[in-house]
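As provided, protein31.pdb (PDB, C-alpha atoms, pLDDT in the B column) reads as follows.
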ATOM      1  CA  MET A   1       0.000   0.000   0.000  1.00 67.00           C
ATOM      2  CA  SER A   2       1.349   3.396  -0.919  1.00 79.00           C
ATOM      3  CA  THR A   3       0.348   6.901   0.025  1.00 88.00           C
ATOM      4  CA  ARG A   4       0.180   9.530  -2.660  1.00 92.00           C
ATOM      5  CA  CYS A   5      -0.266  13.261  -2.454  1.00 94.00           C
ATOM      6  CA  GLY A   6      -1.356  15.646  -5.201  1.00 95.00           C
ATOM      7  CA  ILE A   7      -1.198  19.384  -5.628  1.00 95.00           C
ATOM      8  CA  GLY A   8      -3.837  21.416  -7.419  1.00 96.00           C
ATOM      9  CA  TYR A   9      -4.091  25.094  -8.200  1.00 95.00           C
ATOM     10  CA  ASP A  10      -6.675  27.175  -9.986  1.00 95.00           C
ATOM     11  CA  LEU A  11      -7.286  30.846 -10.654  1.00 93.00           C
ATOM     12  CA  HIS A  12     -10.066  32.693 -12.454  1.00 91.00           C
ATOM     13  CA  ARG A  13     -10.622  36.338 -13.250  1.00 92.00           C
ATOM     14  CA  LEU A  14     -13.860  37.669 -11.748  1.00 94.00           C
ATOM     15  CA  ALA A  15     -16.522  39.517 -13.718  1.00 95.00           C
ATOM     16  CA  GLU A  16     -19.934  40.975 -13.000  1.00 96.00           C
ATOM     17  CA  GLY A  17     -22.958  38.941 -14.001  1.00 93.00           C
ATOM     18  CA  ARG A  18     -21.461  35.578 -12.979  1.00 94.00           C
ATOM     19  CA  LYS A  19     -22.319  33.481  -9.915  1.00 95.00           C
ATOM     20  CA  LEU A  20     -19.517  33.031  -7.394  1.00 97.00           C
ATOM     21  CA  MET A  21     -19.187  29.291  -6.897  1.00 97.00           C
ATOM     22  CA  ILE A  22     -16.560  28.089  -4.433  1.00 97.00           C
ATOM     23  CA  GLY A  23     -16.480  24.649  -2.890  1.00 98.00           C
ATOM     24  CA  GLY A  24     -19.712  23.600  -4.557  1.00 97.00           C
ATOM     25  CA  ILE A  25     -21.847  26.376  -3.118  1.00 98.00           C
ATOM     26  CA  GLU A  26     -22.929  29.761  -4.404  1.00 97.00           C
ATOM     27  CA  LEU A  27     -21.665  32.676  -2.353  1.00 97.00           C
ATOM     28  CA  PRO A  28     -23.356  36.076  -2.230  1.00 95.00           C
ATOM     29  CA  PHE A  29     -21.067  38.399  -4.179  1.00 96.00           C
ATOM     30  CA  GLU A  30     -21.403  40.842  -7.071  1.00 95.00           C
ATOM     31  CA  LYS A  31     -18.860  39.030  -9.266  1.00 96.00           C
ATOM     32  CA  GLY A  32     -18.073  35.486 -10.262  1.00 95.00           C
ATOM     33  CA  PRO A  33     -15.364  33.555 -12.078  1.00 94.00           C
ATOM     34  CA  VAL A  34     -14.979  33.728 -15.828  1.00 91.00           C
ATOM     35  CA  GLY A  35     -14.681  30.150 -16.997  1.00 86.00           C
ATOM     36  CA  HIS A  36     -16.100  27.496 -19.280  1.00 88.00           C
ATOM     37  CA  SER A  37     -17.758  25.596 -16.431  1.00 92.00           C
ATOM     38  CA  ASP A  38     -19.079  27.238 -13.263  1.00 94.00           C
ATOM     39  CA  GLY A  39     -15.468  28.281 -12.523  1.00 94.00           C
ATOM     40  CA  ASP A  40     -15.355  26.797  -9.016  1.00 96.00           C
ATOM     41  CA  VAL A  41     -11.650  27.314  -8.235  1.00 97.00           C
ATOM     42  CA  LEU A  42     -11.696  25.105  -5.145  1.00 98.00           C
ATOM     43  CA  ALA A  43     -13.354  22.156  -6.874  1.00 97.00           C
ATOM     44  CA  HIS A  44     -10.993  22.568  -9.850  1.00 97.00           C
ATOM     45  CA  ALA A  45      -7.879  22.634  -7.660  1.00 97.00           C
ATOM     46  CA  LEU A  46      -9.025  19.584  -5.696  1.00 98.00           C
ATOM     47  CA  CYS A  47      -9.811  17.744  -8.912  1.00 97.00           C
ATOM     48  CA  ASP A  48      -6.313  18.448 -10.244  1.00 97.00           C
ATOM     49  CA  ALA A  49      -4.750  17.342  -6.955  1.00 97.00           C
ATOM     50  CA  LEU A  50      -6.637  14.037  -6.946  1.00 97.00           C
ATOM     51  CA  LEU A  51      -5.997  13.303 -10.604  1.00 97.00           C
ATOM     52  CA  GLY A  52      -2.332  14.211 -10.218  1.00 96.00           C
ATOM     53  CA  ALA A  53      -1.869  12.000  -7.170  1.00 96.00           C
ATOM     54  CA  ALA A  54      -3.210   9.039  -9.155  1.00 95.00           C
ATOM     55  CA  GLY A  55      -1.219   9.857 -12.298  1.00 96.00           C
ATOM     56  CA  LEU A  56      -4.406  10.521 -14.257  1.00 96.00           C
ATOM     57  CA  GLY A  57      -3.609  13.838 -15.916  1.00 95.00           C
ATOM     58  CA  ASP A  58      -5.440  17.028 -15.084  1.00 95.00           C
ATOM     59  CA  ILE A  59      -8.887  18.553 -15.210  1.00 93.00           C
ATOM     60  CA  GLY A  60      -8.351  19.863 -18.742  1.00 92.00           C
ATOM     61  CA  THR A  61      -7.604  16.353 -19.982  1.00 92.00           C
ATOM     62  CA  HIS A  62     -10.900  14.998 -18.688  1.00 92.00           C
ATOM     63  CA  PHE A  63     -13.083  18.110 -19.070  1.00 90.00           C
ATOM     64  CA  PRO A  64     -11.663  20.240 -21.899  1.00 88.00           C
ATOM     65  CA  ASP A  65     -12.957  23.783 -22.268  1.00 86.00           C
ATOM     66  CA  THR A  66     -13.329  23.058 -25.986  1.00 90.00           C
ATOM     67  CA  ASP A  67     -16.152  20.597 -25.264  1.00 89.00           C
ATOM     68  CA  PRO A  68     -19.530  22.373 -25.223  1.00 89.00           C
ATOM     69  CA  LYS A  69     -21.066  19.776 -22.891  1.00 86.00           C
ATOM     70  CA  TRP A  70     -19.038  21.253 -20.017  1.00 86.00           C
ATOM     71  CA  LYS A  71     -20.252  24.818 -20.651  1.00 88.00           C
ATOM     72  CA  GLY A  72     -21.599  26.065 -17.309  1.00 84.00           C
ATOM     73  CA  ALA A  73     -21.182  22.601 -15.739  1.00 90.00           C
ATOM     74  CA  ASN A  74     -21.283  22.148 -11.985  1.00 95.00           C
ATOM     75  CA  SER A  75     -17.695  21.450 -10.977  1.00 96.00           C
ATOM     76  CA  LEU A  76     -18.798  18.954  -8.346  1.00 97.00           C
ATOM     77  CA  LEU A  77     -19.425  16.612 -11.300  1.00 96.00           C
ATOM     78  CA  PHE A  78     -15.705  16.833 -12.046  1.00 95.00           C
ATOM     79  CA  LEU A  79     -14.868  15.783  -8.493  1.00 96.00           C
ATOM     80  CA  ALA A  80     -17.303  12.873  -8.576  1.00 97.00           C
ATOM     81  CA  HIS A  81     -15.732  11.697 -11.840  1.00 95.00           C
ATOM     82  CA  ALA A  82     -12.226  12.005 -10.369  1.00 96.00           C
ATOM     83  CA  LYS A  83     -13.354   9.895  -7.397  1.00 97.00           C
ATOM     84  CA  LYS A  84     -14.576   7.175  -9.793  1.00 96.00           C
ATOM     85  CA  LEU A  85     -11.275   7.241 -11.687  1.00 96.00           C
ATOM     86  CA  LEU A  86      -9.363   6.871  -8.434  1.00 95.00           C
ATOM     87  CA  ALA A  87     -11.571   3.957  -7.385  1.00 95.00           C
ATOM     88  CA  HIS A  88     -10.817   2.183 -10.691  1.00 96.00           C
ATOM     89  CA  LYS A  89      -7.126   2.335  -9.753  1.00 94.00           C
ATOM     90  CA  ASN A  90      -7.869   1.170  -6.179  1.00 94.00           C
ATOM     91  CA  PHE A  91      -7.007   4.530  -4.614  1.00 94.00           C
ATOM     92  CA  SER A  92      -8.989   6.022  -1.768  1.00 94.00           C
ATOM     93  CA  ILE A  93      -9.195   9.546  -0.403  1.00 95.00           C
ATOM     94  CA  GLU A  94      -7.894   9.753   3.139  1.00 94.00           C
ATOM     95  CA  HIS A  95      -7.790  13.510   3.641  1.00 96.00           C
ATOM     96  CA  VAL A  96      -8.187  16.676   1.598  1.00 96.00           C
ATOM     97  CA  ASP A  97      -6.547  19.929   2.650  1.00 97.00           C
ATOM     98  CA  ALA A  98      -6.999  23.137   0.672  1.00 97.00           C
ATOM     99  CA  VAL A  99      -6.283  26.848   0.913  1.00 97.00           C
ATOM    100  CA  VAL A 100      -8.415  29.407  -0.933  1.00 96.00           C
ATOM    101  CA  ILE A 101      -6.893  32.842  -1.458  1.00 95.00           C
ATOM    102  CA  ALA A 102      -9.473  35.620  -1.781  1.00 93.00           C
ATOM    103  CA  GLU A 103      -9.823  39.109  -0.387  1.00 91.00           C
ATOM    104  CA  LYS A 104     -13.619  39.086  -0.545  1.00 92.00           C
ATOM    105  CA  PRO A 105     -16.012  37.642   0.414  1.00 95.00           C
ATOM    106  CA  LYS A 106     -15.040  36.153   3.762  1.00 95.00           C
ATOM    107  CA  LEU A 107     -15.049  32.392   3.287  1.00 96.00           C
ATOM    108  CA  GLY A 108     -14.787  31.007   6.829  1.00 95.00           C
ATOM    109  CA  PRO A 109     -18.506  31.200   7.599  1.00 96.00           C
ATOM    110  CA  HIS A 110     -19.215  29.156   4.449  1.00 97.00           C
ATOM    111  CA  PHE A 111     -16.726  26.359   5.108  1.00 98.00           C
ATOM    112  CA  PRO A 112     -19.182  23.951   6.773  1.00 98.00           C
ATOM    113  CA  LYS A 113     -21.472  23.978   3.711  1.00 98.00           C
ATOM    114  CA  MET A 114     -18.483  23.749   1.372  1.00 98.00           C
ATOM    115  CA  ARG A 115     -17.107  20.768   3.273  1.00 98.00           C
ATOM    116  CA  GLU A 116     -20.462  19.010   3.048  1.00 98.00           C
ATOM    117  CA  ALA A 117     -20.821  19.664  -0.691  1.00 98.00           C
ATOM    118  CA  LEU A 118     -17.257  18.574  -1.467  1.00 98.00           C
ATOM    119  CA  ALA A 119     -17.512  15.508   0.758  1.00 98.00           C
ATOM    120  CA  LYS A 120     -20.736  14.423  -0.919  1.00 98.00           C
ATOM    121  CA  ALA A 121     -19.179  14.749  -4.381  1.00 98.00           C
ATOM    122  CA  LEU A 122     -16.121  12.772  -3.270  1.00 98.00           C
ATOM    123  CA  GLY A 123     -18.069  10.127  -1.355  1.00 97.00           C
ATOM    124  CA  VAL A 124     -16.221  10.773   1.903  1.00 97.00           C
ATOM    125  CA  SER A 125     -17.180  12.190   5.282  1.00 98.00           C
ATOM    126  CA  ALA A 126     -16.944  15.941   5.791  1.00 98.00           C
ATOM    127  CA  GLU A 127     -14.346  15.288   8.511  1.00 98.00           C
ATOM    128  CA  LYS A 128     -11.920  14.329   5.732  1.00 97.00           C
ATOM    129  CA  ILE A 129     -12.160  17.798   4.164  1.00 98.00           C
ATOM    130  CA  HIS A 130     -10.119  20.635   5.683  1.00 98.00           C
ATOM    131  CA  LEU A 131     -10.393  24.159   4.299  1.00 98.00           C
ATOM    132  CA  LYS A 132      -8.475  27.343   5.029  1.00 97.00           C
ATOM    133  CA  ALA A 133      -8.752  30.891   3.683  1.00 96.00           C
ATOM    134  CA  LYS A 134      -6.079  33.504   3.184  1.00 96.00           C
ATOM    135  CA  THR A 135      -6.296  37.066   1.908  1.00 90.00           C
TER     136      THR A 135
END
Translate this structure into structure tokens?
Amino acid sequence: MSTRCGIGYDLHRLAEGRKLMIGGIELPFEKGPVGHSDGDVLAHALCDALLGAAGLGDIGTHFPDTDPKWKGANSLLFLAHAKKLLAHKNFSIEHVDAVVIAEKPKLGPHFPKMREALAKALGVSAEKIHLKAKT
């Protein structure tokens, strides 16, 4: 049995008229990420980390922004798919740790809901998801 660790990173420009999705939930804010899918930077970074740890490429390999079926897609679908790919290779998720860097809005109050949404998509308990915010 081996332990693997992956690193994921994502960044999106914000624009008015878009929903701010982070960690699978919509946050009240006047701007949201510009992206092909819903632009959820936390879900995207976690997806890349999981895929990378298993040697399965990256989010763009599995969900290319050139494919119209992913236009506006809920990024939790990407995480659920990554979980299935890991299971096919007999990997399991033991712990997820992530840092989100954002000046506004304050994220801490939303972490419990984010943890629940991410945990559900990954098929793990919320106790396995740890989130931090930095400005």
Quick one: distance from CA of Trp70 (chain A) to CA of Arg4 (chain A) in Å, one decimal?
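CA of Arg4 (chain A) lies 28.4 Å from CA of Trp70 (chain A).
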Residue contacts of region 38-55 of chain A (9 Å, only C-alpha atoms) excluding same-chain residues fewer than 5 positions away, as a PDB file with C-alpha atoms, in the frame of the given file:
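Contents of the output file selection05.pdb:
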ATOM      1  CA  ARG A   4       0.180   9.530  -2.660  1.00 92.00           C
ATOM      2  CA  CYS A   5      -0.266  13.261  -2.454  1.00 94.00           C
ATOM      3  CA  GLY A   6      -1.356  15.646  -5.201  1.00 95.00           C
ATOM      4  CA  ILE A   7      -1.198  19.384  -5.628  1.00 95.00           C
ATOM      5  CA  GLY A   8      -3.837  21.416  -7.419  1.00 96.00           C
ATOM      6  CA  TYR A   9      -4.091  25.094  -8.200  1.00 95.00           C
ATOM      7  CA  ASP A  10      -6.675  27.175  -9.986  1.00 95.00           C
ATOM      8  CA  LEU A  11      -7.286  30.846 -10.654  1.00 93.00           C
ATOM      9  CA  HIS A  12     -10.066  32.693 -12.454  1.00 91.00           C
ATOM     10  CA  ARG A  18     -21.461  35.578 -12.979  1.00 94.00           C
ATOM     11  CA  LYS A  19     -22.319  33.481  -9.915  1.00 95.00           C
ATOM     12  CA  LEU A  20     -19.517  33.031  -7.394  1.00 97.00           C
ATOM     13  CA  MET A  21     -19.187  29.291  -6.897  1.00 97.00           C
ATOM     14  CA  ILE A  22     -16.560  28.089  -4.433  1.00 97.00           C
ATOM     15  CA  GLY A  23     -16.480  24.649  -2.890  1.00 98.00           C
ATOM     16  CA  GLY A  24     -19.712  23.600  -4.557  1.00 97.00           C
ATOM     17  CA  ILE A  25     -21.847  26.376  -3.118  1.00 98.00           C
ATOM     18  CA  GLY A  32     -18.073  35.486 -10.262  1.00 95.00           C
ATOM     19  CA  PRO A  33     -15.364  33.555 -12.078  1.00 94.00           C
ATOM     20  CA  GLY A  60      -8.351  19.863 -18.742  1.00 92.00           C
ATOM     21  CA  LYS A  71     -20.252  24.818 -20.651  1.00 88.00           C
ATOM     22  CA  GLY A  72     -21.599  26.065 -17.309  1.00 84.00           C
ATOM     23  CA  ALA A  73     -21.182  22.601 -15.739  1.00 90.00           C
ATOM     24  CA  ASN A  74     -21.283  22.148 -11.985  1.00 95.00           C
ATOM     25  CA  SER A  75     -17.695  21.450 -10.977  1.00 96.00           C
ATOM     26  CA  LEU A  76     -18.798  18.954  -8.346  1.00 97.00           C
ATOM     27  CA  PHE A  78     -15.705  16.833 -12.046  1.00 95.00           C
ATOM     28  CA  LEU A  79     -14.868  15.783  -8.493  1.00 96.00           C
ATOM     29  CA  ALA A  80     -17.303  12.873  -8.576  1.00 97.00           C
ATOM     30  CA  HIS A  81     -15.732  11.697 -11.840  1.00 95.00           C
ATOM     31  CA  ALA A  82     -12.226  12.005 -10.369  1.00 96.00           C
ATOM     32  CA  LYS A  83     -13.354   9.895  -7.397  1.00 97.00           C
ATOM     33  CA  LEU A  85     -11.275   7.241 -11.687  1.00 96.00           C
ATOM     34  CA  LEU A  86      -9.363   6.871  -8.434  1.00 95.00           C
ATOM     35  CA  LYS A  89      -7.126   2.335  -9.753  1.00 94.00           C
ATOM     36  CA  PHE A  91      -7.007   4.530  -4.614  1.00 94.00           C
ATOM     37  CA  ILE A  93      -9.195   9.546  -0.403  1.00 95.00           C
ATOM     38  CA  VAL A  96      -8.187  16.676   1.598  1.00 96.00           C
ATOM     39  CA  ASP A  97      -6.547  19.929   2.650  1.00 97.00           C
ATOM     40  CA  ALA A  98      -6.999  23.137   0.672  1.00 97.00           C
ATOM     41  CA  VAL A  99      -6.283  26.848   0.913  1.00 97.00           C
ATOM     42  CA  VAL A 100      -8.415  29.407  -0.933  1.00 96.00           C
ATOM     43  CA  LEU A 118     -17.257  18.574  -1.467  1.00 98.00           C
TER      44      LEU A 118
END
| field | For CA of Glu26 (chain A) and CA of Glu127 (chain A), the interatomic separation in Å (one decimal) | value |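 Straight-line distance from CA of Glu26 (chain A) to CA of Glu127 (chain A) works out to 21.2 Å.
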Item to check | Straight-line distance linking CA of Phe29 (chain A) with CA of Phe111 (chain A), stated in Å to one decimal | outcome: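 About the pair CA of Phe29 (chain A) and CA of Phe111 (chain A): they are 15.8 Å apart.
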Counting all atoms listed in the file, the residue among A:Ala15, A:Lys84, A:Ser37, A:Lys128 that lies closest to Asp67 (chain A) is A:Ser37
The PyMOL selection byres ((chain A and resi 108) around 9) applied to the shown file, residues as a ChimeraX atom specification:
/A:106-107,109-112,131-133
Could you check the closest approach to Lys69 (chain A) for each of A:His130, A:Lys31, A:Lys113, A:His36 and tell me which residue wins, using only C-alpha atoms?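 The shortest atom-to-atom distance to Lys69 (chain A) comes from A:His36.
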Restricting the calculation to only C-alpha atoms: of A:Ser125, A:Ile101, A:Ile59, A:Glu94, which residue gets closest to Ser2 (chain A)?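 Of A:Ser125, A:Ile101, A:Ile59, A:Glu94, the one nearest Ser2 (chain A) is A:Glu94, counting only C-alpha atoms.
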Would you please work out which residue, of A:Glu116, A:Lys134, A:Ala87, A:Gly35, is nearest to Pro64 (chain A) when using all atoms listed in the file?
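The answer is A:Gly35, which sits nearest to Pro64 (chain A).
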